[in-house]
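Shown next: work_31.tsv, given as TSV, C-alpha atoms.
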```tsv
chain	number	residue	atom	x	y	z
A	1	MET	CA	31.47	143.22	75.91
A	2	THR	CA	29.14	140.26	76.34
A	3	GLN	CA	26.97	140.13	79.49
A	4	SER	CA	27.09	136.35	79.78
A	5	VAL	CA	29.79	133.78	79.14
A	6	GLU	CA	29.49	130.04	78.66
A	7	ILE	CA	32.20	128.23	80.59
A	8	VAL	CA	33.15	124.87	79.11
A	9	GLU	CA	34.57	122.90	82.03
A	10	VAL	CA	37.49	120.79	80.80
A	11	GLY	CA	38.73	119.42	84.13
A	12	PRO	CA	37.41	115.85	83.73
A	13	ARG	CA	39.27	115.48	80.43
A	14	ASP	CA	42.04	118.02	79.77
A	15	GLY	CA	42.49	118.50	83.48
A	16	LEU	CA	43.00	114.87	84.39
A	17	GLN	CA	44.76	113.59	81.27
A	18	ASN	CA	48.22	114.76	82.31
A	19	ASP	CA	47.93	114.47	86.08
A	20	PRO	CA	50.33	112.05	87.77
A	21	VAL	CA	47.40	110.64	89.77
A	22	LEU	CA	45.20	108.20	87.87
A	23	LEU	CA	41.78	108.65	89.42
A	24	PRO	CA	39.44	105.66	89.76
A	25	THR	CA	36.31	105.86	87.65
A	26	ASP	CA	34.15	106.31	90.76
A	27	VAL	CA	36.10	109.43	91.72
A	28	LYS	CA	35.82	110.82	88.20
A	29	ILE	CA	32.06	110.41	88.38
A	30	GLU	CA	32.01	112.22	91.73
A	31	PHE	CA	34.01	115.02	90.12
A	32	VAL	CA	31.43	115.31	87.34
A	33	GLU	CA	28.58	115.28	89.87
A	34	ARG	CA	30.19	118.06	91.89
A	35	LEU	CA	30.62	120.15	88.75
A	36	ILE	CA	26.97	119.68	87.83
A	37	ASP	CA	25.93	120.66	91.35
A	38	ALA	CA	27.97	123.85	90.94
A	39	GLY	CA	25.99	124.70	87.81
A	40	VAL	CA	28.24	123.46	84.99
A	41	LYS	CA	26.15	122.77	81.88
A	42	ARG	CA	28.80	121.78	79.36
A	43	MET	CA	31.98	119.85	80.04
A	44	GLU	CA	34.67	117.71	78.46
A	45	ALA	CA	34.28	114.35	80.13
A	46	ALA	CA	36.17	111.84	77.99
A	47	SER	CA	38.97	111.38	75.48
A	48	PHE	CA	38.84	108.59	72.92
A	49	VAL	CA	42.53	108.25	72.24
A	50	HIS	CA	44.80	105.22	72.56
A	51	PRO	CA	44.89	104.23	76.26
A	52	LYS	CA	48.61	103.46	76.09
A	53	LEU	CA	49.28	107.06	75.05
A	54	VAL	CA	46.96	108.66	77.61
A	55	PRO	CA	46.36	106.10	80.39
A	56	ALA	CA	44.28	108.54	82.44
A	57	MET	CA	41.57	108.39	79.78
A	58	ALA	CA	41.50	104.61	79.38
A	59	ASP	CA	38.09	104.37	81.10
A	60	SER	CA	36.41	107.05	78.98
A	61	ALA	CA	33.74	104.74	77.57
A	62	GLU	CA	32.79	103.61	81.09
A	63	VAL	CA	32.74	107.20	82.30
A	64	MET	CA	30.31	108.13	79.55
A	65	THR	CA	27.97	105.27	80.46
A	66	ARG	CA	27.91	106.37	84.11
A	67	VAL	CA	27.75	110.16	84.04
A	68	PRO	CA	24.42	111.62	85.21
A	69	ARG	CA	22.14	112.39	82.31
A	70	VAL	CA	20.67	115.67	83.51
A	71	ASP	CA	18.51	117.97	81.40
A	72	GLY	CA	20.61	120.78	80.01
A	73	VAL	CA	23.97	119.15	80.75
A	74	LYS	CA	26.08	118.27	77.71
A	75	TYR	CA	29.12	115.99	77.66
A	76	ILE	CA	31.91	116.43	75.13
A	77	GLY	CA	34.23	113.65	74.00
A	78	LEU	CA	37.57	114.28	72.32
A	79	ALA	CA	38.51	112.42	69.13
A	80	LEU	CA	41.66	112.67	67.02
A	81	ASN	CA	40.86	110.20	64.24
A	82	GLU	CA	38.14	108.01	62.74
A	83	LYS	CA	38.44	105.30	65.36
A	84	GLY	CA	38.20	107.85	68.14
A	85	MET	CA	35.19	109.49	66.49
A	86	ARG	CA	33.36	106.18	66.21
A	87	ARG	CA	34.15	105.33	69.84
A	88	ALA	CA	32.94	108.74	71.03
A	89	LEU	CA	29.68	108.40	69.13
A	90	ASP	CA	29.14	104.83	70.34
A	91	ALA	CA	29.73	105.95	73.93
A	92	GLY	CA	26.88	108.45	73.72
A	93	CYS	CA	28.74	111.74	73.77
A	94	ASP	CA	26.44	114.72	73.29
A	95	GLU	CA	29.14	116.46	71.26
A	96	VAL	CA	32.48	115.45	69.77
A	97	ASN	CA	35.49	117.75	69.64
A	98	TYR	CA	38.09	117.07	66.97
A	99	VAL	CA	41.59	118.55	67.00
A	100	MET	CA	43.31	120.21	64.08
A	101	VAL	CA	46.87	121.37	64.61
A	102	ALA	CA	48.36	124.73	63.63
A	103	SER	CA	51.97	123.57	63.25
A	104	PRO	CA	53.66	120.40	61.96
A	105	GLY	CA	56.18	119.99	64.79
A	106	PHE	CA	53.55	119.40	67.46
A	107	GLY	CA	51.13	117.80	65.01
A	108	LEU	CA	53.53	115.05	63.97
A	109	LYS	CA	54.36	114.21	67.59
A	110	ASN	CA	50.80	114.43	68.88
A	111	GLN	CA	48.66	113.15	65.99
A	112	ASN	CA	51.28	112.01	63.47
A	113	ALA	CA	49.86	114.56	61.04
A	114	THR	CA	50.54	117.99	59.59
A	115	PRO	CA	47.98	120.83	59.79
A	116	GLN	CA	46.67	120.03	56.32
A	117	GLN	CA	46.43	116.33	57.10
A	118	THR	CA	44.39	117.00	60.25
A	119	ALA	CA	42.01	119.13	58.17
A	120	ASP	CA	41.81	116.41	55.50
A	121	ALA	CA	41.00	113.82	58.15
A	122	PHE	CA	38.22	116.00	59.55
A	123	ASP	CA	36.67	116.19	56.09
A	124	GLN	CA	36.45	112.41	56.12
A	125	ILE	CA	35.18	111.78	59.65
A	126	ALA	CA	32.90	114.75	60.37
A	127	VAL	CA	30.24	113.01	58.32
A	128	LEU	CA	30.07	110.28	60.97
A	129	ALA	CA	28.91	112.81	63.55
A	130	HIS	CA	26.55	114.44	61.05
A	131	ASP	CA	24.97	111.08	60.27
A	132	ASP	CA	24.34	110.51	63.99
A	133	GLY	CA	22.98	114.01	64.48
A	134	VAL	CA	25.75	114.83	66.96
A	135	PRO	CA	27.30	118.32	66.89
A	136	VAL	CA	31.01	118.36	66.15
A	137	SER	CA	33.43	121.12	67.06
A	138	VAL	CA	37.07	121.72	66.20
A	139	THR	CA	39.90	122.87	68.43
A	140	ILE	CA	43.04	124.20	66.74
A	141	SER	CA	45.89	123.17	69.00
A	142	VAL	CA	49.14	125.15	69.41
A	143	ALA	CA	47.31	128.08	67.83
A	144	PHE	CA	49.70	130.60	69.36
A	145	GLY	CA	52.97	128.70	69.47
A	146	ASP	CA	54.52	125.26	68.94
A	147	PRO	CA	56.97	123.80	71.48
A	148	PHE	CA	59.02	122.29	68.64
A	149	ASP	CA	58.62	124.78	65.76
A	150	GLY	CA	58.29	128.02	67.71
A	151	GLU	CA	56.07	130.84	66.44
A	152	VAL	CA	52.95	129.94	64.46
A	153	ASP	CA	51.91	132.05	61.47
A	154	PRO	CA	48.36	133.17	62.39
A	155	LYS	CA	47.31	132.91	58.73
A	156	ILE	CA	47.07	129.14	59.21
A	157	LEU	CA	44.28	129.72	61.73
A	158	GLY	CA	42.11	131.31	59.06
A	159	GLU	CA	42.83	128.47	56.65
A	160	LEU	CA	41.92	125.82	59.21
A	161	ALA	CA	38.83	127.75	60.29
A	162	ALA	CA	37.63	127.72	56.68
A	163	ARG	CA	38.22	123.97	56.47
A	164	ALA	CA	36.35	123.35	59.73
A	165	ARG	CA	33.41	125.43	58.61
A	166	ALA	CA	33.23	123.74	55.22
A	167	ALA	CA	33.16	120.31	56.89
A	168	GLY	CA	30.27	121.27	59.16
A	169	ALA	CA	31.81	122.20	62.51
A	170	VAL	CA	29.42	124.21	64.67
A	171	GLU	CA	32.13	125.72	66.86
A	172	LEU	CA	35.82	126.52	66.55
A	173	ALA	CA	38.22	126.82	69.48
A	174	LEU	CA	41.68	128.34	69.47
A	175	GLY	CA	43.88	126.40	71.87
A	176	ASP	CA	46.91	127.96	73.55
A	177	THR	CA	48.25	124.49	74.24
A	178	ILE	CA	51.56	125.56	75.77
A	179	GLY	CA	50.49	128.88	77.27
A	180	VAL	CA	52.45	131.35	75.12
A	181	ALA	CA	49.68	133.68	73.94
A	182	ASP	CA	49.40	137.35	74.82
A	183	PRO	CA	46.33	139.62	74.56
A	184	TRP	CA	47.50	141.27	71.34
A	185	ALA	CA	48.11	137.92	69.65
A	186	VAL	CA	44.68	136.78	70.82
A	187	ARG	CA	42.98	139.75	69.21
A	188	ARG	CA	44.89	139.28	65.93
A	189	ALA	CA	44.00	135.59	65.85
A	190	ILE	CA	40.31	136.26	66.47
A	191	ASP	CA	40.19	138.86	63.71
A	192	ILE	CA	41.81	136.42	61.25
A	193	VAL	CA	39.54	133.53	62.19
A	194	ARG	CA	36.38	135.64	62.05
A	195	GLU	CA	36.99	136.33	58.37
A	196	GLN	CA	36.56	132.60	57.71
A	197	SER	CA	34.39	131.31	60.54
A	198	GLY	CA	30.96	132.29	59.25
A	199	ASP	CA	28.28	131.15	61.68
A	200	MET	CA	30.59	128.93	63.76
A	201	ARG	CA	30.79	129.98	67.39
A	202	LEU	CA	34.26	130.89	68.61
A	203	ARG	CA	35.73	129.46	71.81
A	204	LEU	CA	39.08	130.16	73.45
A	205	HIS	CA	41.20	127.71	75.43
A	206	PHE	CA	44.07	129.11	77.49
A	207	HIS	CA	46.75	127.53	79.65
A	208	ASN	CA	48.24	129.70	82.36
A	209	THR	CA	51.80	128.48	81.85
A	210	ARG	CA	53.23	131.99	81.66
A	211	ASN	CA	50.59	133.75	83.77
A	212	THR	CA	48.82	135.44	80.85
A	213	ALA	CA	45.58	133.43	80.69
A	214	MET	CA	43.36	135.96	82.48
A	215	ALA	CA	44.59	138.83	80.33
A	216	ASN	CA	44.03	136.69	77.25
A	217	ILE	CA	40.47	135.91	78.34
A	218	PHE	CA	39.81	139.63	78.81
A	219	ALA	CA	41.08	140.28	75.28
A	220	ALA	CA	38.82	137.55	73.91
A	221	LEU	CA	35.78	138.95	75.72
A	222	GLU	CA	36.52	142.43	74.41
A	223	ALA	CA	36.55	140.92	70.92
A	224	GLY	CA	33.07	139.51	71.50
A	225	VAL	CA	33.91	135.87	72.29
A	226	ASP	CA	31.42	134.38	74.76
A	227	VAL	CA	32.65	130.78	75.18
A	228	ILE	CA	35.71	130.07	77.33
A	229	ASP	CA	37.32	126.79	78.39
A	230	ALA	CA	38.51	126.45	81.98
A	231	SER	CA	39.51	123.67	84.35
A	232	CYS	CA	38.47	123.38	87.98
A	233	GLY	CA	41.51	123.89	90.18
A	234	GLY	CA	43.63	124.87	87.19
A	235	ILE	CA	44.59	121.24	86.72
A	236	GLY	CA	45.79	119.82	83.43
A	237	GLY	CA	48.28	120.10	80.65
A	238	CYS	CA	49.09	118.33	77.42
A	239	PRO	CA	51.01	115.04	77.75
A	240	PHE	CA	52.65	115.67	74.35
A	241	ALA	CA	53.96	119.18	75.10
A	242	PRO	CA	57.19	119.45	77.11
A	243	ALA	CA	56.78	121.24	80.45
A	244	ALA	CA	53.09	121.86	79.80
A	245	THR	CA	51.26	123.14	82.85
A	246	GLY	CA	47.66	123.53	83.76
A	247	ASN	CA	44.65	125.23	82.27
A	248	VAL	CA	43.31	128.47	83.64
A	249	ALA	CA	41.30	127.72	86.79
A	250	THR	CA	37.52	127.82	86.39
A	251	GLU	CA	36.94	129.45	89.76
A	252	ASP	CA	39.51	132.17	89.02
A	253	VAL	CA	37.75	132.98	85.75
A	254	ILE	CA	34.32	133.01	87.38
A	255	TYR	CA	35.57	135.38	90.10
A	256	MET	CA	36.80	137.87	87.49
A	257	LEU	CA	33.56	137.64	85.52
A	258	ASP	CA	31.37	137.89	88.64
A	259	ARG	CA	33.15	141.10	89.64
A	260	ALA	CA	32.30	142.53	86.22
A	261	GLY	CA	28.67	141.49	86.43
A	262	ILE	CA	29.10	138.93	83.64
A	263	GLN	CA	26.89	135.90	84.19
A	264	THR	CA	28.13	132.30	83.94
A	265	GLY	CA	25.42	130.37	85.76
A	266	ILE	CA	28.06	128.66	87.91
A	267	ASP	CA	28.18	128.97	91.69
A	268	LEU	CA	31.60	130.32	92.67
A	269	ASP	CA	31.55	128.97	96.22
A	270	LYS	CA	30.69	125.47	95.03
A	271	MET	CA	33.41	125.60	92.40
A	272	ILE	CA	35.95	126.67	95.01
A	273	ALA	CA	34.79	123.79	97.22
A	274	THR	CA	35.23	121.37	94.33
A	275	ALA	CA	38.76	122.65	93.73
A	276	LYS	CA	39.58	122.13	97.41
A	277	TRP	CA	38.13	118.61	97.21
A	278	LEU	CA	40.35	117.89	94.21
A	279	GLU	CA	43.42	119.04	96.10
A	280	SER	CA	42.77	117.42	99.47
A	281	GLU	CA	40.79	114.27	98.68
A	282	ALA	CA	40.91	113.31	95.01
A	283	LEU	CA	44.36	114.18	93.65
A	284	LYS	CA	46.00	114.79	97.03
A	285	HIS	CA	48.56	117.23	95.70
A	286	PRO	CA	48.70	121.04	95.40
A	287	ILE	CA	46.75	122.66	92.57
A	288	ALA	CA	47.29	125.97	90.80
A	289	SER	CA	43.99	127.69	91.58
A	290	ALA	CA	44.27	131.06	93.30
A	291	LEU	CA	40.67	131.19	94.55
A	292	SER	CA	40.96	127.82	96.27
A	293	LYS	CA	43.61	129.45	98.46
A	294	ALA	CA	42.48	133.07	98.78
A	295	GLY	CA	38.72	132.56	98.60
A	296	ARG	CA	36.23	135.07	97.26
A	297	PHE	CA	36.54	138.75	98.23
A	298	LYS	CA	34.10	139.67	101.00
A	299	PRO	CA	33.88	143.43	101.42
A	300	VAL	CA	33.86	144.71	104.99
A	301	PRO	CA	30.32	145.86	105.94
A	302	ALA	CA	29.95	149.63	106.08
```

Could you spell out this file's structure in structure tokens?
Amino acid sequence: MTQSVEIVEVGPRDGLQNDPVLLPTDVKIEFVERLIDAGVKRMEAASFVHPKLVPAMADSAEVMTRVPRVDGVKYIGLALNEKGMRRALDAGCDEVNYVMVASPGFGLKNQNATPQQTADAFDQIAVLAHDDGVPVSVTISVAFGDPFDGEVDPKILGELAARARAAGAVELALGDTIGVADPWAVRRAIDIVREQSGDMRLRLHFHNTRNTAMANIFAALEAGVDVIDASCGGIGGCPFAPAATGNVATEDVIYMLDRAGIQTGIDLDKMIATAKWLESEALKHPIASALSKAGRFKPVPA
């Protein structure tokens, strides 16, 4: 198992996009600053989708102009189409993440496209990022289950991975958009994708909807994955997936990894403090994080 894991903090984007509270831009910037202070080096900070569909991300371009430009800190912008890709590049994103979809039911409701159409579109727009010298990654959404179509044939993951690689993606993420994955399905999916992924890094994105995210992360780490998405406080969810709940909490993941001696470079106490700030001052509603309630384990001195 890997001795270090890169945590991609998705709270500022995936975390906030489905929250009932629309945070002012100033508060979003404070959130980003707190994450950087905790040691986060890579985070999703913006989503370049239609503001009427995702109002919480309407200020993404302004956010990207105001985030601290700190050495070693990379900001990711989400794009679903050519217009979004151009906006993300114009806004100065360090990396753009595009979304392919593993099943037509969700794909048609979320992106108005089938799996093959999302792959075709990536073929066309990835070149925009390449021309600007900006790395582009691909997330496969509903990789483990579709809220409208049900089970997803994992073979499609290999097919989409091959398409992403051929179009120049540097990283591929498997997204458990509605939180239905289990550790055995995770391992099968990784094995299938690895046959087609070549030199692309693999990243896993889990929602804790059915309380399996931590077990799924363990399965991914055992399979050699060393990049994991997580959201401070466990906030988030997909606005296009019925009853979608939050991402796995960053501080909960860090606690588990710290106990195993796996390095993340993120300060657990500062991440817990940021989660508490989200709950009490920013969002002002309860959050799902366990560590923000229980705190870190402090053994009794001998």

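Distances to A:Asp123 were evaluated for A:Leu53, A:Met100, A:Ala88, A:Met214 using all atoms listed in the file, and the minimum falls at A:Met100.
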
Practice task
List the neighbours of A:Lys41 out to 7 Å using only C-alpha atoms; skip same-chain residues closer than 6 positions along the sequence, and give me the result as a ChimeraX atom specification.
Solution key: /A:72-74

Using all atoms listed in the file, what table do you get, as a tab-separated table, when you list each residue of stretch 170-263 of chain A with an atom no more than 12 Å from stretch 142-165 of chain A, its nearest pair of atoms, and their distance in Å rounded to one decimal, rows by chain then rising number?
```
residue	atom	partner	partner_atom	distance
A:Val170	CA	A:Arg165	CA	7.4
A:Glu171	CA	A:Arg165	CA	8.4
A:Leu172	CA	A:Ala161	CA	7.1
A:Ala173	CA	A:Ala161	CA	9.3
A:Leu174	CA	A:Ala143	CA	5.9
A:Gly175	CA	A:Ala143	CA	5.6
A:Asp176	CA	A:Val142	CA	5.5
A:Thr177	CA	A:Val142	CA	5.0
A:Ile178	CA	A:Val142	CA	6.8
A:Gly179	CA	A:Phe144	CA	8.1
A:Val180	CA	A:Gly145	CA	6.3
A:Ala181	CA	A:Phe144	CA	5.5
A:Asp182	CA	A:Phe144	CA	8.7
A:Pro183	CA	A:Phe144	CA	10.9
A:Trp184	CA	A:Phe144	CA	11.1
A:Ala185	CA	A:Phe144	CA	7.5
A:Val186	CA	A:Phe144	CA	8.1
A:Arg187	CA	A:Pro154	CA	10.9
A:Arg188	CA	A:Pro154	CA	7.9
A:Ala189	CA	A:Pro154	CA	6.1
A:Ile190	CA	A:Leu157	CA	9.0
A:Asp191	CA	A:Gly158	CA	9.1
A:Ile192	CA	A:Gly158	CA	5.6
A:Val193	CA	A:Gly158	CA	4.6
A:Arg194	CA	A:Gly158	CA	7.8
A:Glu195	CA	A:Gly158	CA	7.2
A:Gln196	CA	A:Ala162	CA	5.1
A:Ser197	CA	A:Ala161	CA	5.7
A:Gly198	CA	A:Arg165	CA	7.3
A:Asp199	CA	A:Arg165	CA	8.3
A:Met200	CA	A:Arg165	CA	6.8
A:Arg201	CA	A:Arg165	CA	10.2
A:Leu202	CA	A:Ala161	CA	10.0
A:Leu204	CA	A:Ala143	CA	10.2
A:His205	CA	A:Ala143	CA	9.8
A:Phe206	CA	A:Phe144	CA	10.0
A:His207	CA	A:Val142	CA	10.8
A:Asn216	CA	A:Phe144	CA	11.5
A:Cys238	CA	A:Val142	CA	10.5
A:Phe240	CA	A:Pro147	CA	9.6
A:Ala241	CA	A:Pro147	CA	6.6
A:Pro242	CA	A:Pro147	CA	7.1
A:Ala243	CA	A:Pro147	CA	9.3
A:Ala244	CA	A:Pro147	CA	9.4
```

Handout entry: Within 8 Å of A:Gly224 using all atoms listed in the file, minus same-chain residues under 3 positions, as a ChimeraX atom specification
Key = /A:1-2,220-221

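With all atoms listed in the file as the atoms that count, the residue of A:Lys284, A:Phe106, A:Tyr75, A:Lys276 with the shortest distance to A:Leu22 is A:Lys284.
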
Handout entry: Answer as a PyMOL selection string, residues within 9 Å of (38.3, 115.9, 65.5) using only C-alpha atoms
Key = chain A and resi 78-82+84-85+96-100+118-119+121-122+125-126+136-139
